[in-house]
Structure formats: structure tokens, C-alpha cells
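Dropping model_23.cif in here (mmCIF, C-alpha atoms):
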data_start
loop_
_atom_site.label_atom_id
_atom_site.label_comp_id
_atom_site.auth_asym_id
_atom_site.auth_seq_id
_atom_site.Cartn_x
_atom_site.Cartn_y
_atom_site.Cartn_z
CA MET A 1 22.04 20.22 -4.96
CA ASN A 2 22.22 18.22 -8.18
CA ASP A 3 20.98 14.65 -8.45
CA ASP A 4 24.41 13.04 -8.74
CA LYS A 5 25.49 14.60 -5.44
CA ILE A 6 22.27 13.45 -3.76
CA VAL A 7 22.83 9.90 -5.02
CA ASP A 8 26.43 10.08 -3.79
CA LEU A 9 25.09 10.97 -0.32
CA TYR A 10 22.99 7.80 -0.38
CA TRP A 11 26.04 5.78 -1.39
CA ILE A 12 28.13 7.08 1.51
CA ARG A 13 25.11 6.52 3.82
CA SER A 14 24.83 10.17 4.84
CA GLU A 15 21.53 11.14 6.48
CA ASP A 16 21.78 14.39 4.50
CA ALA A 17 20.62 12.33 1.51
CA ILE A 18 17.09 12.22 2.91
CA THR A 19 17.12 15.93 3.74
CA GLU A 20 18.34 16.91 0.28
CA THR A 21 15.88 14.55 -1.38
CA SER A 22 13.05 16.07 0.63
CA ILE A 23 14.10 19.62 -0.27
CA LYS A 24 14.38 18.91 -3.98
CA TYR A 25 11.69 16.25 -4.54
CA GLY A 26 9.37 16.37 -1.52
CA LYS A 27 6.57 18.31 -3.24
CA TYR A 28 6.93 16.22 -6.39
CA CYS A 29 6.58 12.95 -4.48
CA TYR A 30 3.79 14.31 -2.30
CA GLY A 31 1.86 15.38 -5.42
CA ILE A 32 2.05 11.88 -6.87
CA ALA A 33 1.03 10.28 -3.57
CA TYR A 34 -1.82 12.70 -2.94
CA ASN A 35 -3.25 12.22 -6.45
CA ILE A 36 -3.45 8.49 -5.78
CA LEU A 37 -4.54 8.51 -2.15
CA ALA A 38 -6.54 11.77 -1.84
CA ASP A 39 -5.53 11.89 1.82
CA ALA A 40 -2.82 14.18 3.20
CA GLU A 41 -1.72 11.88 6.01
CA ASP A 42 -1.51 8.79 3.79
CA ALA A 43 0.34 10.80 1.14
CA GLU A 44 2.88 12.00 3.71
CA GLU A 45 3.42 8.44 4.92
CA SER A 46 3.93 7.27 1.34
CA VAL A 47 6.55 9.97 0.79
CA ASN A 48 8.35 8.92 3.97
CA ASP A 49 8.22 5.30 2.79
CA THR A 50 9.68 6.48 -0.53
CA TYR A 51 12.68 7.96 1.28
CA PHE A 52 13.06 4.73 3.25
CA ASP A 53 12.94 2.62 0.07
CA ALA A 54 15.42 4.95 -1.64
CA TRP A 55 17.74 4.59 1.35
CA ASN A 56 17.50 0.79 1.20
CA THR A 57 17.86 0.64 -2.59
CA MET A 58 20.90 2.88 -2.95
CA PRO A 59 23.42 1.24 -2.95
CA PRO A 60 23.56 -1.08 -4.87
CA HIS A 61 21.24 0.67 -7.34
CA ARG A 62 22.43 3.99 -8.81
CA PRO A 63 19.48 5.62 -10.61
CA SER A 64 20.31 7.58 -13.76
CA ALA A 65 17.25 9.82 -13.32
CA LEU A 66 16.58 10.44 -9.64
CA SER A 67 13.22 12.14 -10.23
CA ALA A 68 11.89 9.21 -12.26
CA PHE A 69 13.26 6.75 -9.72
CA LEU A 70 11.61 8.55 -6.79
CA GLY A 71 8.39 9.03 -8.77
CA LYS A 72 8.22 5.31 -9.54
CA LEU A 73 8.85 4.40 -5.90
CA THR A 74 6.22 6.87 -4.68
CA ARG A 75 3.67 5.66 -7.20
CA ARG A 76 4.19 1.99 -6.31
CA ILE A 77 4.06 2.63 -2.58
CA SER A 78 0.97 4.83 -2.89
CA ILE A 79 -0.89 2.37 -5.09
CA ASP A 80 -0.09 -0.43 -2.65
CA ARG A 81 -1.34 1.74 0.23
CA TRP A 82 -4.48 2.61 -1.76
CA ARG A 83 -5.16 -1.07 -2.49
CA LYS A 84 -4.85 -1.98 1.18
CA ARG A 85 -7.00 0.93 2.27
CA SER A 86 -9.76 0.35 -0.24
CA ALA A 87 -9.83 -3.39 -0.76
CA ALA A 88 -13.61 -3.41 -0.52
CA LYS A 89 -14.42 -0.17 -2.35
CA ARG A 90 -12.84 1.99 -5.00
CA GLY A 91 -12.71 5.76 -5.28
CA GLY A 92 -10.65 8.81 -6.19
CA GLU A 93 -8.55 9.60 -9.25
CA LEU A 94 -6.88 6.19 -9.28
CA ALA A 95 -10.21 4.39 -9.68
CA ALA A 96 -11.39 6.86 -12.32
CA ALA A 97 -8.17 6.54 -14.32
CA LEU A 98 -8.19 2.74 -14.09
CA ASP A 99 -11.82 2.62 -15.20
CA GLU A 100 -11.00 4.78 -18.23
CA LEU A 101 -8.18 2.43 -19.26
CA ASN A 102 -10.17 -0.71 -18.52
CA ASP A 103 -11.49 -1.06 -22.08
CA CYS A 104 -8.12 -0.82 -23.80
CA VAL A 105 -5.72 -2.75 -21.56
CA PRO A 106 -6.28 -6.44 -20.87
CA SER A 107 -6.43 -7.72 -17.32
CA HIS A 108 -4.18 -10.47 -15.99
CA GLU A 109 -6.24 -13.42 -14.88
CA ASN A 110 -3.88 -16.32 -15.40
CA VAL A 111 -0.19 -17.18 -15.44
CA GLU A 112 0.06 -17.11 -19.22
CA GLN A 113 -1.20 -13.53 -19.30
CA ASP A 114 1.21 -12.57 -16.52
CA VAL A 115 4.10 -13.87 -18.63
CA LEU A 116 2.99 -11.58 -21.47
CA ALA A 117 2.74 -8.56 -19.14
CA ALA A 118 6.36 -7.49 -19.67
CA ASP A 119 5.88 -7.51 -23.44
CA LEU A 120 2.65 -5.55 -23.08
CA GLU A 121 4.42 -2.99 -20.89
CA LYS A 122 7.09 -2.50 -23.56
CA ARG A 123 4.44 -2.05 -26.23
CA ILE A 124 2.53 0.53 -24.19
CA ASN A 125 5.77 2.42 -23.46
CA THR A 126 6.57 2.49 -27.17
CA PHE A 127 3.04 3.71 -27.93
CA VAL A 128 3.30 6.51 -25.36
CA ASN A 129 6.78 7.54 -26.55
CA ASP A 130 5.50 7.76 -30.13
CA LEU A 131 2.65 10.13 -29.22
CA PRO A 132 2.93 13.80 -30.14
CA THR A 133 4.30 15.82 -27.22
CA ALA A 134 1.02 17.42 -26.10
CA GLU A 135 -0.91 14.14 -26.18
CA ARG A 136 1.91 12.29 -24.41
CA ARG A 137 2.11 14.89 -21.63
CA VAL A 138 -1.66 14.89 -21.07
CA PHE A 139 -1.81 11.08 -21.17
CA LEU A 140 1.01 10.74 -18.64
CA CYS A 141 -0.50 13.39 -16.35
CA ARG A 142 -3.76 11.45 -16.29
CA TYR A 143 -2.57 7.85 -16.22
CA TRP A 144 0.88 8.02 -14.63
CA TYR A 145 0.57 10.94 -12.23
CA LEU A 146 -3.20 10.39 -11.89
CA ASP A 147 -3.98 14.10 -12.15
CA SER A 148 -7.63 15.08 -12.29
CA ILE A 149 -9.08 16.40 -15.56
CA SER A 150 -9.43 19.85 -13.99
CA ALA A 151 -5.76 19.83 -12.85
CA ILE A 152 -4.66 18.92 -16.40
CA CYS A 153 -6.81 21.73 -17.82
CA GLU A 154 -5.23 24.18 -15.42
CA GLN A 155 -1.69 22.96 -16.12
CA PHE A 156 -1.96 23.14 -19.92
CA GLY A 157 -4.58 25.86 -20.35
CA TYR A 158 -6.96 23.51 -22.17
CA SER A 159 -10.72 23.29 -21.80
CA GLN A 160 -12.23 20.22 -20.13
CA SER A 161 -13.75 19.09 -23.40
CA LYS A 162 -10.38 19.32 -25.17
CA VAL A 163 -8.66 17.23 -22.49
CA LYS A 164 -11.47 14.65 -22.43
CA VAL A 165 -11.46 14.36 -26.23
CA MET A 166 -7.65 14.12 -26.31
CA LEU A 167 -7.67 11.36 -23.70
CA HIS A 168 -10.53 9.53 -25.42
CA ARG A 169 -8.75 9.59 -28.78
CA THR A 170 -5.46 8.48 -27.22
CA ARG A 171 -7.15 5.60 -25.37
CA LYS A 172 -8.89 4.60 -28.61
CA ALA A 173 -5.57 4.68 -30.48
CA LEU A 174 -3.96 2.60 -27.72
CA HIS A 175 -6.83 0.12 -27.88
CA ASN A 176 -6.53 -0.13 -31.68
CA CYS A 177 -2.77 -0.59 -31.39
CA LEU A 178 -3.19 -3.39 -28.85
CA VAL A 179 -5.92 -5.04 -30.92
CA SER A 180 -3.76 -4.95 -34.06
CA GLU A 181 -0.94 -6.65 -32.15
CA GLU A 182 -3.38 -9.15 -30.60
CA TYR A 183 -2.98 -8.07 -26.97
CA VAL A 184 -6.72 -7.38 -26.89
CA LEU A 185 -9.38 -9.27 -28.78
#
Would it be possible to restate this file's structure as C-alpha cells?
Amino acid sequence: MNDDKIVDLYWIRSEDAITETSIKYGKYCYGIAYNILADAEDAEESVNDTYFDAWNTMPPHRPSALSAFLGKLTRRISIDRWRKRSAAKRGGELAAALDELNDCVPSHENVEQDVLAADLEKRINTFVNDLPTAERRVFLCRYWYLDSISAICEQFGYSQSKVKVMLHRTRKALHNCLVSEEYVL
């Protein structure tokens, strides 16, 4: 079933919307959740919460790209679940990815920085969109989908060293971009 028809099912409040979403996007959402949580049960719960949030969000919201909408919901829900679960200790791909980005993206420690967060987000999105296709896909796999280095290597047929170098250079370019625009000192 195409995305428009699935969204229409949500709008008419048909329970088939959840079934069709699960058939088409269940594995996709589960993959995102599992990469963040590294636990099958927690990932499954996050996917179910994604369906619940989608049900409560549509209507009034009508997403133009259902996959991106569901991916964003799953990611947010999974990160929230991860934060609750590991408030005292960090681990897994999420922690590794966040540590890698720590040097190039500023943290938000006060209200003034929080106000600038939306502008920073736009700048990072522009940076990522301007990357060459291969670098953009690898960067998003690592830092959006939180794929492991080995999973990225397998997906693209690259060696580990190539992926690590590509990510290092992209993070360095992002850092330099943010420094030049005074987001990072």
C-alpha cells in the first residue's frame, strides 16, 4: 500500500493504518530503535510507541514523507527510552556516535544557547545536504540511524578504515564550518 493511502487510513481512524504501517515500515522502525537501544524488547516497545504516536498525531498532521516521519518518531522515542534506561551510565552505538560528535557540536548549557539551537540545526542540515552523496549517506547512517561502523562497511562495501577516515574528515569539516560561523570557539 502506498504512503498516501496509509495516511488516509490514519485520518479516517481505521485500525488498518497500524497494520499497514507495520507491514511497510516495521523493520525500518525496528532497525532504528535497535541501533539506539541494543535491546530487542526495548526496540519493539519503541516501535509500538511509534505507532501510538503516529495514531495520535494524524490527524491533524499529514506527513509528506511517511518514512521520514516514522523514522523521526522512532528515533525520538528510542533516544528518550535510552536516556531513561541509562541515566547513570552510557553505552552502545548511541554513546559512541555522540562521543564522536562531541568535539564538533556545542552543548547546550544555558538558555541563550538553547535559543540558538534551532539556527544550529538549520546550519547542520545545510552542511549535511551539501555533502557529496557517499559522504552524506555514510554520515547519516552513523549519526542519524546510529549504525555501527561494521554495519556501514557491510552496507556500502567499504573497508573499516575508509569509513572511519570518511567520518573523521566529515566531522572535521563540520567542526570547521561551525567554527567559521562562530557556533564553536
Non-local contacts of Cys29 in chain A (8 Å; only C-alpha atoms; under 5 positions in same chain excluded) as a ChimeraX atom specification: /A:47,70-71,74
Distance of CA of Arg81 in chain A from CA of Trp55 in chain A, expressed in Å to one decimal place: 19.3 Å
Residues matched by the PyMOL selection byres ((chain A and resi 171) around 9) as a PyMOL selection string: chain A and resi 100-101+103-104+139+166-170+172-176
Answer key for the PyMOL selection byres ((chain A and resi 150) around 12), residues as a list in words: Glu93, Val138, Cys141, Arg142, Leu146, Asp147, Ser148, Ile149, Ala151, Ile152, Cys153, Glu154, Gln155, Phe156, Gly157, Tyr158, Ser159, Gln160, Ser161, Lys162, Val163 and Lys164 of chain A
Pairwise distance for CA of Leu73 in chain A and CA of Leu37 in chain A, rounded to one decimal in Å: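 Pair CA of Leu73 in chain A / CA of Leu37 in chain A returns 14.5 Å.
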Separation of CA of Ile12 in chain A from CA of Ala68 in chain A, in Å and rounded to one decimal: 21.4 Å
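With all atoms listed in the file as the basis for measurement, A:Arg123 is the residue among A:Pro59, A:Asp53, A:Arg123, A:Val7 that approaches Ser180 in chain A most closely.
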Answer key for the PyMOL selection byres ((chain A and resi 50) around 12), residues as a ChimeraX atom specification: /A:18,21-22,25-26,28-30,32-33,43-49,51-57,67,69-78
Nearest candidate to Val128 in chain A (options A:Ala97, A:Leu178, A:Leu140, A:Ala17; using only C-alpha atoms): A:Leu140
Around all listed atoms of range 12-17 of chain A, padded 4 Å per side, what centre and edge lengths does the axis-aligned box have in Å to one decimal, as lines of an AutoDock Vina configuration file?
center_x = 24.4
center_y = 10.5
center_z = 4.0
size_x = 15.5
size_y = 15.9
size_z = 13.0
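Proximity to Glu181 in chain A was assessed for A:Ala38, A:Met58, A:Ile6, A:Ile124 counting all atoms listed in the file; the smallest distance is recorded for A:Ile124.
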